[in-house]
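Here's query.cif, which has mmCIF, C-alpha atoms:
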```cif
data_upload
#
loop_
_atom_site.label_atom_id
_atom_site.label_comp_id
_atom_site.auth_asym_id
_atom_site.auth_seq_id
_atom_site.Cartn_x
_atom_site.Cartn_y
_atom_site.Cartn_z
CA MET C 781 90.47 95.47 112.46
CA PRO C 782 88.93 93.01 109.98
CA LYS C 783 90.78 89.86 109.00
CA ILE C 784 91.57 88.83 105.45
CA GLY C 785 92.50 85.44 104.05
CA ILE C 786 95.16 84.50 101.57
CA VAL C 787 93.04 85.35 98.49
CA GLU C 788 92.48 88.93 99.65
CA LEU C 789 96.15 89.22 100.61
CA GLN C 790 97.23 88.03 97.17
CA ASN C 791 94.90 90.57 95.55
CA LEU C 792 96.53 93.39 97.54
CA GLU C 793 100.01 92.15 96.67
CA TYR C 794 99.07 91.80 93.01
CA LYS C 795 98.05 95.48 92.88
CA MET C 796 101.34 96.34 94.57
CA LEU C 797 103.25 94.28 91.98
CA GLU C 798 101.37 96.03 89.18
CA ALA C 799 102.47 99.43 90.54
CA VAL C 800 106.08 98.27 90.94
CA LEU C 801 106.30 96.86 87.41
CA ALA C 802 104.85 100.09 85.96
CA VAL C 803 107.75 101.99 87.54
CA PHE C 804 110.24 99.41 86.29
CA ALA C 805 108.89 99.75 82.75
CA LYS C 806 109.03 103.56 82.87
CA HIS C 807 112.65 103.58 84.05
CA SER C 808 113.83 100.52 82.06
CA ILE C 809 114.83 98.69 85.26
CA PRO C 810 115.72 95.03 84.61
CA TYR C 811 114.12 92.45 86.90
CA TYR C 812 113.05 88.80 87.12
CA GLY C 813 110.29 87.03 88.99
CA ILE C 814 112.13 84.50 91.14
CA TYR C 815 111.45 81.78 93.71
CA GLY C 816 107.73 81.07 94.19
CA THR C 817 106.75 84.00 91.98
CA ALA C 818 108.46 82.40 88.97
CA LEU C 819 107.04 79.02 89.97
CA GLY C 820 103.53 80.48 90.26
CA ALA C 821 103.81 82.07 86.82
CA VAL C 822 104.85 78.76 85.22
CA ARG C 823 102.67 76.32 87.16
CA HIS C 824 99.58 78.43 87.98
CA LYS C 825 99.76 81.42 85.58
CA GLY C 826 99.59 83.56 88.73
CA SER C 827 100.00 83.29 92.49
CA ILE C 828 100.57 79.89 94.03
CA PRO C 829 97.15 79.44 95.71
CA TRP C 830 98.65 78.69 99.14
CA ASP C 831 101.61 81.12 99.04
CA CYS C 832 101.66 84.79 100.07
CA ASP C 833 105.04 85.96 98.73
CA ILE C 834 106.05 88.03 95.72
CA ASP C 835 109.79 87.91 95.02
CA LEU C 836 111.66 89.89 92.37
CA GLY C 837 115.38 89.79 91.58
CA ILE C 838 117.09 92.99 90.42
CA PRO C 839 120.71 93.20 89.22
CA TYR C 840 122.67 95.05 91.89
CA THR C 841 124.03 97.34 89.18
CA SER C 842 120.46 98.71 88.82
CA TYR C 843 119.57 98.74 92.52
CA THR C 844 120.13 102.45 93.18
CA GLN C 845 118.23 103.37 90.00
CA MET C 846 115.41 101.07 91.14
CA LEU C 847 115.21 102.68 94.59
CA ASP C 848 115.21 106.19 93.12
CA GLY C 849 112.51 105.29 90.59
CA LEU C 850 110.23 103.63 93.14
CA ARG C 851 110.60 106.42 95.66
CA THR C 852 109.76 109.01 93.03
CA GLU C 853 107.01 107.23 91.10
CA LEU C 854 105.20 104.77 93.40
CA PRO C 855 101.66 106.01 94.07
CA ALA C 856 100.10 106.08 97.53
CA PRO C 857 99.57 104.00 99.60
CA TYR C 858 102.75 102.14 98.57
CA ARG C 859 106.20 102.87 99.95
CA VAL C 860 109.75 101.56 99.79
CA TYR C 861 111.37 100.10 102.90
CA PHE C 862 115.18 100.17 103.02
CA HIS C 863 117.76 100.77 105.70
CA ASP C 864 119.12 104.01 104.21
CA THR C 865 115.94 105.89 105.19
CA ASP C 866 114.35 103.51 107.72
CA PRO C 867 116.62 103.15 110.79
CA SER C 868 114.49 100.36 112.26
CA TYR C 869 114.32 98.31 109.04
CA SER C 870 116.27 95.12 109.74
CA PHE C 871 116.92 93.66 106.28
CA LEU C 872 119.80 94.35 103.90
CA PHE C 873 117.52 94.16 100.83
CA ALA C 874 114.61 96.47 100.03
CA ARG C 875 110.91 95.70 99.86
CA VAL C 876 107.74 97.55 98.92
CA GLY C 877 104.92 97.69 101.43
CA LEU C 878 101.87 99.73 102.39
CA GLU C 879 101.78 102.91 104.45
CA GLY C 880 100.29 102.30 107.89
CA MET C 881 100.58 98.51 107.59
CA SER C 882 103.36 96.20 108.77
CA HIS C 883 105.49 94.98 105.87
CA GLY C 884 106.00 91.64 107.66
CA TYR C 885 103.43 89.75 105.58
CA LEU C 886 102.20 92.24 103.00
CA HIS C 887 105.08 93.15 100.68
CA VAL C 888 107.00 92.69 97.44
CA ASP C 889 110.59 91.63 98.13
CA LEU C 890 113.34 93.13 95.96
CA PHE C 891 116.35 90.82 96.15
CA PRO C 892 119.68 91.93 94.68
CA LEU C 893 121.27 89.71 92.04
CA VAL C 894 125.04 89.92 92.43
CA GLY C 895 128.03 88.54 90.58
CA ALA C 896 129.33 85.33 92.16
CA PRO C 897 132.45 83.18 91.74
CA SER C 898 132.30 80.07 89.59
CA GLU C 899 134.28 77.83 91.98
CA LYS C 900 132.22 75.89 94.53
CA GLU C 901 134.60 76.58 97.42
CA LYS C 902 134.54 80.31 96.76
CA GLN C 903 130.74 80.20 96.52
CA LYS C 904 130.60 78.52 99.94
CA ALA C 905 132.88 81.21 101.38
CA MET C 906 130.69 83.97 99.88
CA LEU C 907 127.53 82.34 101.23
CA ALA C 908 129.05 82.07 104.73
CA HIS C 909 130.04 85.75 104.61
CA PHE C 910 126.56 86.87 103.50
CA ASN C 911 124.90 84.64 106.12
CA GLU C 912 127.03 86.15 108.87
CA LEU C 913 125.83 89.62 107.90
CA TYR C 914 122.20 88.44 107.59
CA ARG C 915 122.39 86.88 111.06
CA PHE C 916 123.83 89.81 112.95
CA TYR C 917 122.30 92.78 111.17
CA PRO C 918 118.81 92.29 112.73
CA MET C 919 120.47 91.82 116.11
CA LYS C 920 122.27 95.14 115.78
CA LYS C 921 118.91 96.70 114.86
CA HIS C 922 117.40 95.08 117.99
CA LYS C 923 114.72 93.31 115.99
CA PRO C 924 112.34 91.45 118.37
CA VAL C 925 112.53 87.67 118.23
CA TRP C 926 109.61 85.32 117.69
CA ALA C 927 108.86 82.15 119.68
CA LYS C 928 105.87 79.90 120.32
CA THR C 929 105.79 80.50 124.08
CA ARG C 930 106.58 83.48 126.30
CA LEU C 931 109.35 81.61 128.15
CA ARG C 932 111.06 80.61 124.91
CA LYS C 933 110.81 84.16 123.66
CA VAL C 934 112.46 85.54 126.82
CA ILE C 935 115.29 83.00 126.62
CA LYS C 936 115.76 83.49 122.89
CA GLN C 937 115.74 87.28 123.22
CA ALA C 938 118.35 87.15 126.00
CA MET C 939 120.66 84.96 123.90
CA TYR C 940 120.02 87.21 120.92
CA ASP C 941 120.98 90.36 122.86
CA VAL C 942 124.14 88.81 124.31
CA ARG C 943 125.35 87.68 120.89
CA GLN C 944 124.83 91.07 119.28
CA CYS C 945 126.63 92.85 122.16
CA PHE C 946 129.79 90.82 121.55
CA TYR C 947 129.65 91.01 117.76
CA PRO C 948 132.28 93.65 116.89
CA LYS C 949 130.85 95.12 113.67
CA SER C 950 128.58 98.17 113.78
CA ILE C 951 125.39 98.61 111.78
CA HIS C 952 127.14 100.86 109.26
CA ALA C 953 130.13 98.51 109.01
CA ILE C 954 127.77 95.63 108.14
CA GLU C 955 126.04 97.76 105.49
CA ARG C 956 129.40 98.72 103.93
CA GLU C 957 130.59 95.11 104.00
CA TYR C 958 127.36 93.96 102.35
CA HIS C 959 127.80 96.51 99.56
CA SER C 960 131.40 95.41 99.09
CA LEU C 961 130.30 91.76 98.78
CA CYS C 962 127.63 92.72 96.25
CA THR C 963 130.20 94.47 94.04
CA GLN C 964 133.12 92.09 94.58
CA ILE C 965 132.62 90.37 91.21
CA PRO C 966 131.39 92.63 88.39
CA TYR C 967 127.87 91.64 87.39
CA GLU C 968 128.63 92.03 83.67
CA LYS C 969 131.56 89.59 83.80
CA ALA C 970 130.02 87.02 86.15
CA ILE C 971 129.19 83.50 85.00
CA PHE C 972 127.24 82.77 88.18
CA LEU C 973 124.85 84.97 90.16
CA TYR C 974 123.99 84.95 93.84
CA ILE C 975 120.43 85.83 94.88
CA ALA C 976 121.04 87.94 97.99
CA CYS C 977 118.18 86.61 100.11
CA ALA C 978 118.58 85.76 103.80
CA ASP C 979 118.18 82.19 105.07
CA GLU C 980 119.02 80.53 101.78
CA ASP C 981 121.59 77.88 100.89
CA GLU C 982 123.86 77.00 97.97
CA ARG C 983 120.86 76.87 95.63
CA SER C 984 120.98 80.67 95.71
CA PHE C 985 123.90 80.43 93.28
CA VAL C 986 122.54 80.18 89.76
CA LYS C 987 124.03 80.23 86.29
CA LYS C 988 123.69 83.70 84.81
CA GLN C 989 122.76 82.22 81.41
CA TRP C 990 119.60 80.77 82.98
CA PHE C 991 118.38 84.31 83.60
CA GLY C 992 119.50 85.74 80.24
CA GLU C 993 117.32 88.55 78.91
CA GLY C 994 114.28 87.03 80.58
CA ILE C 995 111.02 85.81 79.09
CA ASP C 996 107.51 87.13 79.71
CA GLN C 997 105.14 84.71 81.39
CA GLN C 998 101.48 85.28 82.25
CA TYR C 999 100.96 86.21 85.91
CA HIS C 1000 97.22 86.76 86.32
CA ALA C 1001 96.62 89.65 83.89
CA LEU C 1002 100.24 90.85 83.88
CA PRO C 1003 103.19 89.83 81.74
CA LEU C 1004 105.89 88.94 84.28
CA ARG C 1005 109.53 88.56 83.29
CA ILE C 1006 111.11 85.36 84.61
CA PRO C 1007 114.46 83.67 83.82
CA SER C 1008 114.78 82.74 80.14
CA GLU C 1009 115.77 79.16 81.00
CA TYR C 1010 113.17 78.87 83.74
CA HIS C 1011 113.06 75.08 83.60
CA ALA C 1012 116.74 74.88 84.55
CA TYR C 1013 116.35 77.54 87.24
CA LEU C 1014 113.20 76.05 88.81
CA THR C 1015 114.61 72.51 88.71
CA HIS C 1016 117.78 73.76 90.42
CA THR C 1017 115.72 75.54 93.09
CA TYR C 1018 112.80 73.14 93.67
CA GLY C 1019 113.54 69.85 91.93
CA SER C 1020 110.28 68.46 90.46
CA TYR C 1021 108.68 71.87 90.48
CA MET C 1022 105.44 70.92 88.70
CA GLN C 1023 104.55 68.57 91.56
CA HIS C 1024 102.32 70.13 94.21
CA PRO C 1025 103.25 69.91 97.90
CA SER C 1026 101.23 67.74 100.26
CA GLU C 1027 97.64 68.70 101.08
CA GLU C 1028 98.78 69.43 104.64
CA GLU C 1029 101.29 72.01 103.39
CA GLN C 1030 98.67 73.54 101.13
CA ARG C 1031 96.18 73.82 104.01
CA LYS C 1032 98.73 75.73 106.10
CA GLY C 1033 98.85 78.44 103.46
CA LEU C 1034 95.14 78.43 102.70
CA SER C 1035 94.29 78.89 106.40
CA PHE C 1036 96.32 82.12 106.55
CA ALA C 1037 94.60 85.15 108.15
CA LEU C 1038 95.84 88.69 108.71
CA GLU C 1039 94.34 91.74 110.41
CA VAL C 1040 94.33 94.83 108.20
CA PRO C 1041 93.00 98.39 108.50
CA ASN C 1042 89.50 98.99 107.11
CA SER C 1043 90.97 101.48 104.62
CA LEU C 1044 92.70 98.67 102.70
CA LEU C 1045 89.41 96.98 101.94
CA HIS C 1046 87.84 99.95 100.12
#
```

Would you mind writing the file out in structure tokens?
Amino acid sequence: MPKIGIVELQNLEYKMLEAVLAVFAKHSIPYYGIYGTALGAVRHKGSIPWDCDIDLGIPYTSYTQMLDGLRTELPAPYRVYFHDTDPSYSFLFARVGLEGMSHGYLHVDLFPLVGAPSEKEKQKAMLAHFNELYRFYPMKKHKPVWAKTRLRKVIKQAMYDVRQCFYPKSIHAIEREYHSLCTQIPYEKAIFLYIACADEDERSFVKKQWFGEGIDQQYHALPLRIPSEYHAYLTHTYGSYMQHPSEEEQRKGLSFALEVPNSLLH
């Protein structure tokens, strides 16, 4: 299979985003560009040149409507990945990917935005609860581990398997618990939101007023909705967000390469 670099990958993801946003517009599904996607829109008017992610946040109250709309309207070769129809899918959030291609690198992530408590201690407790589910759900799905050497991978996989065997909650129990957490505090009444993304920290709790109705920002040729008070949100998430990372960090992204089927290049 031919290899593509980050520019070609971003072009494929941009077309995927365009298809997703068309469905959102047709079904009036609220969303926000978040994380590096919001940062790219503000700082670069498009993709961050050395980043290969597209992240959208969708209020959990609209999540089922979003899934139904995407599954009905998304054109080929795009498809929705979610655990309700994909038994091997090991995330608790959905993403859009390409048929016949691993969604590991080439995807649009669809992170739920859920109501969160205002008190710091309760936020920490919620974060710990979510992180527990994020940690053990892939184990219960027997997701393969990654390591730099074969020996490390064998050791890591063995530890991984032992931990999941002794964890008492089943796959379906984790899914139910996740849904319960996402609906614990009504979205409409919440002052704070939690961005339900794995491997994040307390910065995933954001003031709901920062998101507001959203504001359109140029993202290549598309208008992309990002948080209304994006300066407050991006400062909270990244600090001095207009400052570029080191050249070394940029080179890591720019040197990215991925094997893809020939059909994706035509």

Run through the PyMOL selection byres ((chain C and resi 818) around 12) on the given coordinates and return the selected residues as number ranges by chain.
-> C: 811-817, 819-828, 833-837, 991, 994-999, 1003-1011, 1013-1015, 1017-1018, 1021-1022

Per residue of stretch 928-1020 of chain C within 8 Å of stretch 866-885 of chain C, which atom pair is closest and at what distance in Å (one decimal), using all atoms listed in the file, listed by chain and increasing number, as JSON lines?
```
{"residue": "C:Glu955", "atom": "CA", "partner": "C:Leu872", "partner_atom": "CA", "distance": 7.3}
{"residue": "C:Tyr958", "atom": "CA", "partner": "C:Leu872", "partner_atom": "CA", "distance": 7.7}
{"residue": "C:Ala976", "atom": "CA", "partner": "C:Phe873", "partner_atom": "CA", "distance": 7.7}
{"residue": "C:Cys977", "atom": "CA", "partner": "C:Phe873", "partner_atom": "CA", "distance": 7.6}
```

Write out as JSON lines a residue-level contact list of stretch 958-1035 of chain C versus stretch 904-923 of chain C with cut-off 9 Å: for each qualifying residue the closest pair of atoms and the distance in Å to one decimal, counting all atoms listed in the file, rows sorted by chain and residue number upward.
```
{"residue": "C:Tyr958", "atom": "CA", "partner": "C:Leu913", "partner_atom": "CA", "distance": 7.2}
{"residue": "C:Leu961", "atom": "CA", "partner": "C:Phe910", "partner_atom": "CA", "distance": 7.8}
{"residue": "C:Tyr974", "atom": "CA", "partner": "C:Leu907", "partner_atom": "CA", "distance": 8.6}
{"residue": "C:Ala976", "atom": "CA", "partner": "C:Phe910", "partner_atom": "CA", "distance": 7.9}
{"residue": "C:Cys977", "atom": "CA", "partner": "C:Tyr914", "partner_atom": "CA", "distance": 8.7}
{"residue": "C:Ala978", "atom": "CA", "partner": "C:Tyr914", "partner_atom": "CA", "distance": 5.9}
{"residue": "C:Asp979", "atom": "CA", "partner": "C:Asn911", "partner_atom": "CA", "distance": 7.2}
{"residue": "C:Glu980", "atom": "CA", "partner": "C:Asn911", "partner_atom": "CA", "distance": 8.4}
{"residue": "C:Asp981", "atom": "CA", "partner": "C:Leu907", "partner_atom": "CA", "distance": 7.4}
{"residue": "C:Glu982", "atom": "CA", "partner": "C:Lys904", "partner_atom": "CA", "distance": 7.2}
{"residue": "C:Ser984", "atom": "CA", "partner": "C:Leu907", "partner_atom": "CA", "distance": 8.7}
{"residue": "C:Phe985", "atom": "CA", "partner": "C:Leu907", "partner_atom": "CA", "distance": 8.9}
```

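Proximity to C:Leu854 was assessed for C:Glu957, C:Glu798, C:Glu788, C:Glu1027 counting all atoms listed in the file; the smallest distance is recorded for C:Glu798.
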
Could you state which residues are captured by the PyMOL selection byres ((chain C and resi 895) around 6) in this file, as a ChimeraX atom specification?
-> /C:894,896,965-967,970,973

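Pairwise distance (atom CA of C:Glu968, atom CA of C:Tyr840) equals 10.6 Å.
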
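The residues caught by the PyMOL selection byres ((chain C and resi 988) around 6) in this file are Ile971, Phe972, Leu973, Lys987, Gln989, Trp990 and Phe991 of chain C.
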
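Among the candidates C:Ile786, C:Cys962, C:Val860, C:Ala802, the one nearest to C:Gln1030 when counting only C-alpha atoms is C:Ile786.
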
Which protein, DNA or RNA residues have an atom at most 10 Å from (96.4, 79.6, 106.7), counting all atoms listed in the file? List them as a PyMOL selection string.
-> chain C and resi 785-786+830-832+1029-1038

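Atom CA of C:Ile951 sits 20.1 Å away from atom CA of C:Tyr843.
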
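With atom CA of C:Val800 on one side and atom CA of C:Ile784 on the other, the separation reads 22.6 Å.
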
Using only C-alpha atoms, the shortest atom-to-atom distance to C:Leu893 among C:Pro839, C:Asp848, C:Pro782, C:Ser808 belongs to C:Pro839

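Nearest to C:Tyr940 of all the residues C:Val925, C:Leu847, C:Val986, C:Leu1002 is C:Val925, based on all atoms listed in the file.
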
Would you pick out the contacts of C:Lys936 at 9 Å or less, using only C-alpha atoms, so that residues sharing its chain but fewer than 3 positions from it are not included, and give the list as a PDB file with C-alpha atoms, in the frame of the given file?
```
ATOM      1  CA  VAL C 925     112.530  87.670 118.230  1.00  0.00           C
ATOM      2  CA  TRP C 926     109.610  85.320 117.690  1.00  0.00           C
ATOM      3  CA  ALA C 927     108.860  82.150 119.680  1.00  0.00           C
ATOM      4  CA  LEU C 931     109.350  81.610 128.150  1.00  0.00           C
ATOM      5  CA  ARG C 932     111.060  80.610 124.910  1.00  0.00           C
ATOM      6  CA  LYS C 933     110.810  84.160 123.660  1.00  0.00           C
ATOM      7  CA  MET C 939     120.660  84.960 123.900  1.00  0.00           C
ATOM      8  CA  TYR C 940     120.020  87.210 120.920  1.00  0.00           C
ATOM      9  CA  ASP C 941     120.980  90.360 122.860  1.00  0.00           C
TER      10      ASP C 941
END
```

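Nearest residue to C:Leu797 among C:Arg983, C:Lys902, C:His1000, C:Arg943 is C:His1000, counting all atoms listed in the file.
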